[in-house]
Amino acid sequence: ADVHAETSGVAHFAYDDEETCIAEVRYLLSMLPANNRATPPAVPCDDPADRRCERLLDLVPLDGSRPYDMREVIAEIVDDGEHMEVHERWATSVITTLARLDGRVVGIVASQPQSLAGVLDIHSSEKAARFVQLCDAFSIPLVTLVDVPGFLPGVGQEHGGIIRHGAKLLYAYCNATVPRISLVLRKAYGGAYIVMDSRSIGADLALAWPANEIAVMGAEGAANVVFRRQIAAADDPEAVRGQLVKEYKSELMHPYYAAERGLVDDVIDPADTRSSLIAALDMLRTKHAVTPARKHGNPPM
């Protein structure tokens, strides 16, 4: 069981004893509708919808290179801190979990900066794609929490077809007809940002925290490319490079640049994350998407 839960990704859940397994199956079924035409079961909620999440300001460091546990962020946002992680031990750089917001079931896809800095690789792309399809099949709205530095580089990933596997996540989101909300917590770089339910692939609402950085790459890498000749010709390359990085950040990576370009709909106070997500889900509750008449799509298998 451990091999399939951690290495192969065949098992979504693995438990040490039968009693725990049965209890968790019951909990899982409590979050799923009876069939694909029913709505996910809602329950009364004592956790206030307008509860402020002040603790998020301490949980997530402003420095984009510092790790943190996204599970704590999710627990702070959702009802009573409870959520059920799917494929918890496999492809750990992304989290896929079922939870409730104001008593209604949502599926959460989230970067995990504590594992491989939250990059997307072959396995995490497949894991997230499979979860998105699960939620869409059972009319469960999707919330995507983004803090992704990009796709994992390397010969092994390229030879393994990272582009093809990454496209599975892209396809899953584009094919989903449920309400879709994305939230950029810190960084959202390159193609990985695109496939993590960005506005460009059809997210219904895109939100961001003030520290968001949506770009092709980080300021340091961008400065090395854009100002390569200017840095090389300087008497003090490191000083010039540092100044150019600072200017690049102030002009192109300030908190509201993404909103000015239409990449996000609103920049929110992190403490208002719970109430903003619940309000957005309420607005999208009656969303109805008309799909094209066809036998089936052609996903990148």
# chains A, B, ... in the order shown; residues from 1 in each chain; ligands from 1
$ select_by_dssp --residues "stretch 130-250 of chain A" --states "helix (DSSP H, G or I)" --output "ChimeraX atom specification"
/A:130-137,155-159,162-175,190-195,199-201,219-226,228-232,237-250
$ residues_around --residues "stretch 243-246 of chain A" --least-positions-apart "3" --cutoff "7 Å" --atoms "only C-alpha atoms" --output "list of chain:residue names"
A:Ala219, A:Glu220, A:Ala223, A:Ala239, A:Val240, A:Lys249, A:Ser250
$ write_last_selection --atoms "C-alpha atoms" --output "short mmCIF file (atom, residue, chain, number, x, y, z; two decimals), in the first residue's frame"
data_model
loop_
_atom_site.label_atom_id
_atom_site.label_comp_id
_atom_site.auth_asym_id
_atom_site.auth_seq_id
_atom_site.Cartn_x
_atom_site.Cartn_y
_atom_site.Cartn_z
CA ALA A 219 13.18 39.57 -11.34
CA GLU A 220 16.72 38.25 -10.92
CA ALA A 223 17.32 41.09 -15.37
CA ALA A 239 26.13 46.64 -8.44
CA VAL A 240 24.48 47.42 -11.79
CA LYS A 249 10.65 44.90 -9.44
CA SER A 250 9.40 48.42 -8.75
#
$ select_by_dssp --residues "stretch 119-155 of chain A" --states "strand (DSSP E or B)" --output "ChimeraX atom specification"
/A:120,142-148,151
$ residues_around --residues "A:Asp2" --least-positions-apart "4" --cutoff "8 Å" --atoms "only C-alpha atoms" --output "PyMOL selection string"
chain A and resi 6-7+14
$ residues_around --residues "A:His12" --least-positions-apart "2" --cutoff "8 Å" --atoms "only C-alpha atoms" --output "number ranges by chain"
A: 5, 9-10, 14, 86-88
$ closest_atom_pairs --of "stretch 227-285 of chain A" --to "stretch 57-74 of chain A" --cutoff "10 Å" --atoms "only C-alpha atoms" --output "CSV"
residue,atom,partner,partner_atom,distance
A:Asp269,CA,A:Leu57,CA,9.4
A:Pro270,CA,A:Leu57,CA,6.8
A:Ala271,CA,A:Leu57,CA,7.2
A:Arg274,CA,A:Ile74,CA,9.7
$ closest_residue --among "A:Glu126, A:Asp17, A:Glu238, A:Asp136" --to "A:Thr39" --atoms "only C-alpha atoms"
A:Asp136
$ residues_around --residues "A:Thr96" --least-positions-apart "5" --cutoff "9 Å" --atoms "only C-alpha atoms" --output "ChimeraX atom specification"
/A:84-88,107-110,127-128,131-132
$ closest_residue --among "A:Pro237, A:Gly191, A:Pro255, A:Gly262" --to "A:Leu205" --atoms "only C-alpha atoms"
A:Gly262
$ closest_atom_pairs --of "stretch 126-158 of chain A" --to "stretch 23-31 of chain A" --cutoff "12 Å" --atoms "only C-alpha atoms" --output "tab-separated table"
residue	atom	partner	partner_atom	distance
A:Cys135	CA	A:Met31	CA	10.8
A:Phe138	CA	A:Met31	CA	10.1
A:Ser139	CA	A:Met31	CA	11.3
A:Ile140	CA	A:Met31	CA	9.3
$ closest_residue --among "A:Asp282, A:Asp102, A:Asp235, A:Asp16" --to "A:Val43" --atoms "only C-alpha atoms"
A:Asp102
$ closest_residue --among "A:Leu134, A:Ile201, A:Ala279, A:Val94" --to "A:Gly118" --atoms "only C-alpha atoms"
A:Val94
$ closest_atom_pairs --of "stretch 186-278 of chain A" --to "stretch 171-177 of chain A" --cutoff "8 Å" --atoms "only C-alpha atoms" --output "JSON lines"
{"residue": "A:Val195", "atom": "CA", "partner": "A:Tyr173", "partner_atom": "CA", "distance": 7.7}
{"residue": "A:Asp197", "atom": "CA", "partner": "A:Tyr173", "partner_atom": "CA", "distance": 6.3}
{"residue": "A:Ile201", "atom": "CA", "partner": "A:Cys174", "partner_atom": "CA", "distance": 6.0}
{"residue": "A:Gly202", "atom": "CA", "partner": "A:Cys174", "partner_atom": "CA", "distance": 6.5}
$ write_last_selection --atoms "all heavy atoms" --output "PDB file, in the first residue's frame"
ATOM      1  N   VAL A 195      -1.011  27.151 -16.448  1.00  0.00           N
ATOM      2  CA  VAL A 195      -1.803  25.930 -16.289  1.00  0.00           C
ATOM      3  C   VAL A 195      -2.464  25.821 -14.917  1.00  0.00           C
ATOM      4  O   VAL A 195      -3.352  24.989 -14.726  1.00  0.00           O
ATOM      5  CB  VAL A 195      -0.952  24.659 -16.556  1.00  0.00           C
ATOM      6  CG1 VAL A 195      -0.301  24.728 -17.911  1.00  0.00           C
ATOM      7  CG2 VAL A 195       0.082  24.434 -15.473  1.00  0.00           C
ATOM      8  N   ASP A 197      -4.794  27.346 -13.589  1.00  0.00           N
ATOM      9  CA  ASP A 197      -6.088  28.027 -13.706  1.00  0.00           C
ATOM     10  C   ASP A 197      -5.978  29.548 -13.752  1.00  0.00           C
ATOM     11  O   ASP A 197      -6.647  30.266 -12.995  1.00  0.00           O
ATOM     12  CB  ASP A 197      -7.019  27.608 -12.559  1.00  0.00           C
ATOM     13  CG  ASP A 197      -8.491  27.790 -12.950  1.00  0.00           C
ATOM     14  OD1 ASP A 197      -8.769  27.876 -14.160  1.00  0.00           O
ATOM     15  OD2 ASP A 197      -9.351  27.856 -12.051  1.00  0.00           O
ATOM     16  N   ILE A 201      -6.825  30.791 -19.305  1.00  0.00           N
ATOM     17  CA  ILE A 201      -7.399  29.488 -19.651  1.00  0.00           C
ATOM     18  C   ILE A 201      -8.807  29.333 -19.079  1.00  0.00           C
ATOM     19  O   ILE A 201      -9.346  28.235 -19.023  1.00  0.00           O
ATOM     20  CB  ILE A 201      -6.509  28.304 -19.212  1.00  0.00           C
ATOM     21  CG1 ILE A 201      -6.370  28.230 -17.695  1.00  0.00           C
ATOM     22  CG2 ILE A 201      -5.146  28.386 -19.869  1.00  0.00           C
ATOM     23  CD1 ILE A 201      -5.734  26.926 -17.210  1.00  0.00           C
ATOM     24  N   GLY A 202      -9.401  30.451 -18.663  1.00  0.00           N
ATOM     25  CA  GLY A 202     -10.828  30.417 -18.355  1.00  0.00           C
ATOM     26  C   GLY A 202     -11.242  30.464 -16.913  1.00  0.00           C
ATOM     27  O   GLY A 202     -12.411  30.175 -16.608  1.00  0.00           O
TER      28      GLY A 202
END
